[in-house]
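Taking it in order: structure first as C-alpha cells, then the write-up.
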Amino acid sequence: MTEPCGVCTIQQSNASRQDFAWENERWLLRHHPHPAPLNGWFLLDAKRHVASVADLDVTESKEFGHVLRASMRSIRSVLSIPRVYVVMFGEGAPHLHAHLIPRDPSQEGTAAWEIADWYRAVASGVRESAAPTQVKETVARVGAMMRAEITL
C-alpha cells in the first residue's frame, strides 16, 4: 500500500484552510503550516496530483508562470522585501509544490542555502517559528493582492 500524498491531504483538509491565501481550479497558494520557518513562506501547489512541472498539461503549463509571478509579486509587496526565492525538490512529497521563500536581507541566516539550516532549526525547535498572528495577517493580505492580480 502506498502512503497518501501529504500535499493532497493538506489540500483536502478543512483544518488547513486557514493557511490558504488564494486558489483557482488548478492552483493553490498556501502559507507553510505551523511551525512556519518564516512569515511569508508560501507554497504554490498544483491542485491535480502531478509530480513535476514536466508533467503539467497544456492549460496548467500556460498558467504556471503567470500564477508564480503573481504570487511572488504579492509576497514581495506585502512584506516589503526585494526578493522571493523559489525552491522545488519534489522528494518529500511527489506532488508539484514550489516553496516561495521571502528573502529579507536584514535577517541574518536566511541568504541562499542558509535557508535550509534555518528551516531545520525551526523544525527541531532550536529557532522560533513565525508568529501565527503575523502569518494570519500575511495570508489575508497576500490573498487580497492575488485576487486583484490574477485574471485567468
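As shown in the C-alpha cells, the chain order sets the letters A, B, ...; within each chain, residues go from 1, and ligands are also counted from 1 in the order they appear.
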
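Backbone DSSP of stretch 10-117 of chain A yields alpha helix (DSSP H) at Ile10, Gln11, Gln12, Val58, Thr59, Glu60, Ser61, Lys62, Glu63, Phe64, Gly65, His66, Val67, Leu68, Arg69, Ala70, Ser71, Met72, Arg73, Ser74, Ile75, Arg76, Ser77, Val78, Leu79, Glu114, Ile115, Ala116 and Asp117 of chain A.
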
| field | Selection: 7 Å around stretch 119-130 of chain A, only C-alpha atoms, excl. self and same-chain fewer than 6 positions, as a ChimeraX atom specification | value | /A:35-39

Applying 9 Å and only C-alpha atoms, which residues near A:Glu63 remain after dropping the ones on its own chain fewer than 4 positions away? List them as a short mmCIF file (atom, residue, chain, number, x, y, z; two decimals) with C-alpha atoms, in the first residue's frame.
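The resulting file, part_28.cif, is reproduced below:
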data_model
loop_
_atom_site.label_atom_id
_atom_site.label_comp_id
_atom_site.auth_asym_id
_atom_site.auth_seq_id
_atom_site.Cartn_x
_atom_site.Cartn_y
_atom_site.Cartn_z
CA ARG A 26 -5.76 24.32 -10.85
CA TRP A 27 -3.57 26.13 -8.28
CA VAL A 58 -1.15 22.48 -21.59
CA THR A 59 -3.54 24.64 -19.54
CA VAL A 67 0.43 32.38 -11.14
CA LEU A 68 4.04 32.03 -9.93
CA LEU A 152 -7.10 33.99 -15.91
#

As a PDB file with C-alpha atoms, in the first residue's frame, please: the residues near A:Asn24 (cut-off 12 Å, only C-alpha atoms, same-chain neighbours under 3 positions excluded).
ATOM      1  CA  PHE A  20      -4.839  29.161   2.115  1.00  0.00           C
ATOM      2  CA  ALA A  21      -4.330  32.604   0.598  1.00  0.00           C
ATOM      3  CA  TRP A  27      -3.571  26.134  -8.282  1.00  0.00           C
ATOM      4  CA  LEU A  28      -3.409  26.734  -4.550  1.00  0.00           C
ATOM      5  CA  LEU A  29      -1.233  29.328  -2.801  1.00  0.00           C
ATOM      6  CA  LEU A  44       2.296  27.126  -4.648  1.00  0.00           C
ATOM      7  CA  ASP A  45       0.683  23.730  -5.289  1.00  0.00           C
ATOM      8  CA  ALA A  46      -0.782  22.184  -8.381  1.00  0.00           C
ATOM      9  CA  LYS A  47      -4.240  21.004  -7.363  1.00  0.00           C
ATOM     10  CA  ARG A  48      -4.018  17.999  -9.622  1.00  0.00           C
ATOM     11  CA  GLU A  60      -1.544  24.186 -16.325  1.00  0.00           C
ATOM     12  CA  GLU A  63      -0.975  29.321 -16.143  1.00  0.00           C
ATOM     13  CA  PHE A  64       2.040  28.284 -14.069  1.00  0.00           C
ATOM     14  CA  VAL A  67       0.429  32.380 -11.138  1.00  0.00           C
ATOM     15  CA  GLY A 143      -4.712  36.628  -0.741  1.00  0.00           C
ATOM     16  CA  MET A 146      -3.694  37.724  -5.557  1.00  0.00           C
ATOM     17  CA  ARG A 147      -7.430  38.182  -6.104  1.00  0.00           C
ATOM     18  CA  ILE A 150      -4.979  37.181 -11.147  1.00  0.00           C
ATOM     19  CA  THR A 151      -7.335  37.298 -14.099  1.00  0.00           C
ATOM     20  CA  LEU A 152      -7.099  33.989 -15.914  1.00  0.00           C
TER      21      LEU A 152
END

A straight line from atom CA of A:Arg30 to atom CA of A:Val86 spans 14.1 Å

Requested in this report: Might you pull out every residue within 10 Å of A:Pro94, with only C-alpha atoms counted and same-chain residues fewer than 3 positions away left off, and present them as a ChimeraX atom specification?
Outcome: /A:5-7,49-52,89-91,97

| field | Shell of 10 Å around A:Asp104, only C-alpha atoms, local chain residues under 5 positions omitted, as a VMD selection string | value | chain A and resid 76 79 to 84 110 to 111

Query raised in the report: Looking at A:Gly109, A:Pro4, A:Asp57, A:Leu100, which one is nearest to A:Arg69, with distances taken over only C-alpha atoms?
Result: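 Among the listed residues, A:Leu100 lies closest to A:Arg69.
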
From the list A:Ala15, A:Leu56, A:Ile115, A:Ala93, the nearest residue to A:Trp41 using only C-alpha atoms is A:Ile115

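Each of A:Glu3, A:Asp19, A:Asp117, A:Glu108 was checked against A:Glu137 using only C-alpha atoms; the smallest atom-to-atom distance is that of A:Asp19.
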
Please identify which residues in chain A DSSP calls strand (DSSP E or B) from the backbone, and express them as an mmCIF file with C-alpha atoms, in the first residue's frame.
data_model
loop_
_atom_site.group_PDB
_atom_site.id
_atom_site.type_symbol
_atom_site.label_atom_id
_atom_site.label_comp_id
_atom_site.auth_asym_id
_atom_site.auth_seq_id
_atom_site.Cartn_x
_atom_site.Cartn_y
_atom_site.Cartn_z
ATOM 1 C CA PHE A 20 -4.839 29.161 2.115
ATOM 2 C CA ALA A 21 -4.330 32.604 0.598
ATOM 3 C CA TRP A 22 -5.664 32.050 -2.914
ATOM 4 C CA GLU A 23 -6.850 29.274 -5.189
ATOM 5 C CA TRP A 27 -3.571 26.134 -8.282
ATOM 6 C CA LEU A 28 -3.409 26.734 -4.550
ATOM 7 C CA LEU A 29 -1.233 29.328 -2.801
ATOM 8 C CA ARG A 30 -0.907 28.459 0.871
ATOM 9 C CA HIS A 31 1.310 29.507 3.740
ATOM 10 C CA PHE A 42 4.287 30.176 0.968
ATOM 11 C CA LEU A 43 3.835 27.122 -1.202
ATOM 12 C CA LEU A 44 2.296 27.126 -4.648
ATOM 13 C CA ASP A 45 0.683 23.730 -5.289
ATOM 14 C CA ALA A 46 -0.782 22.184 -8.381
ATOM 15 C CA ARG A 83 13.332 39.050 -3.366
ATOM 16 C CA VAL A 84 11.376 35.811 -3.105
ATOM 17 C CA TYR A 85 13.234 32.531 -3.578
ATOM 18 C CA VAL A 86 11.625 29.645 -5.464
ATOM 19 C CA VAL A 87 12.653 26.137 -4.441
ATOM 20 C CA HIS A 97 4.697 22.348 -4.902
ATOM 21 C CA ALA A 98 7.032 25.318 -5.124
ATOM 22 C CA HIS A 99 8.348 26.840 -1.906
ATOM 23 C CA LEU A 100 8.175 30.648 -2.173
ATOM 24 C CA ILE A 101 10.566 31.921 0.469
ATOM 25 C CA PRO A 102 10.764 35.594 1.426
ATOM 26 C CA ARG A 103 14.285 36.996 1.414
#

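If you look at atom CA of A:Pro132 and atom CA of A:Gly65, they are 29.2 Å away from each other.
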
Margin query: I'd like the contact shell of A:Ala144 - 10 Å cut-off, only C-alpha atoms, skipping same-chain residues fewer than 4 positions apart - returned as a PyMOL selection string.
Written below: chain A and resi 21-22+74+138-140+148-149

Please produce a file of those selected residues containing C-alpha atoms, as a JSON list (two decimals), in the first residue's frame.
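Output file again.json is given in full below:
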[["chain", "number", "residue", "atom", "x", "y", "z"],
["A", 21, "ALA", "CA", -4.33, 32.60, 0.60],
["A", 22, "TRP", "CA", -5.66, 32.05, -2.91],
["A", 74, "SER", "CA", 2.25, 39.67, -3.91],
["A", 138, "THR", "CA", 0.11, 37.97, 5.83],
["A", 139, "VAL", "CA", -2.11, 35.23, 4.38],
["A", 140, "ALA", "CA", -5.05, 37.66, 4.25],
["A", 148, "ALA", "CA", -6.72, 41.64, -7.52],
["A", 149, "GLU", "CA", -3.77, 40.46, -9.65]]
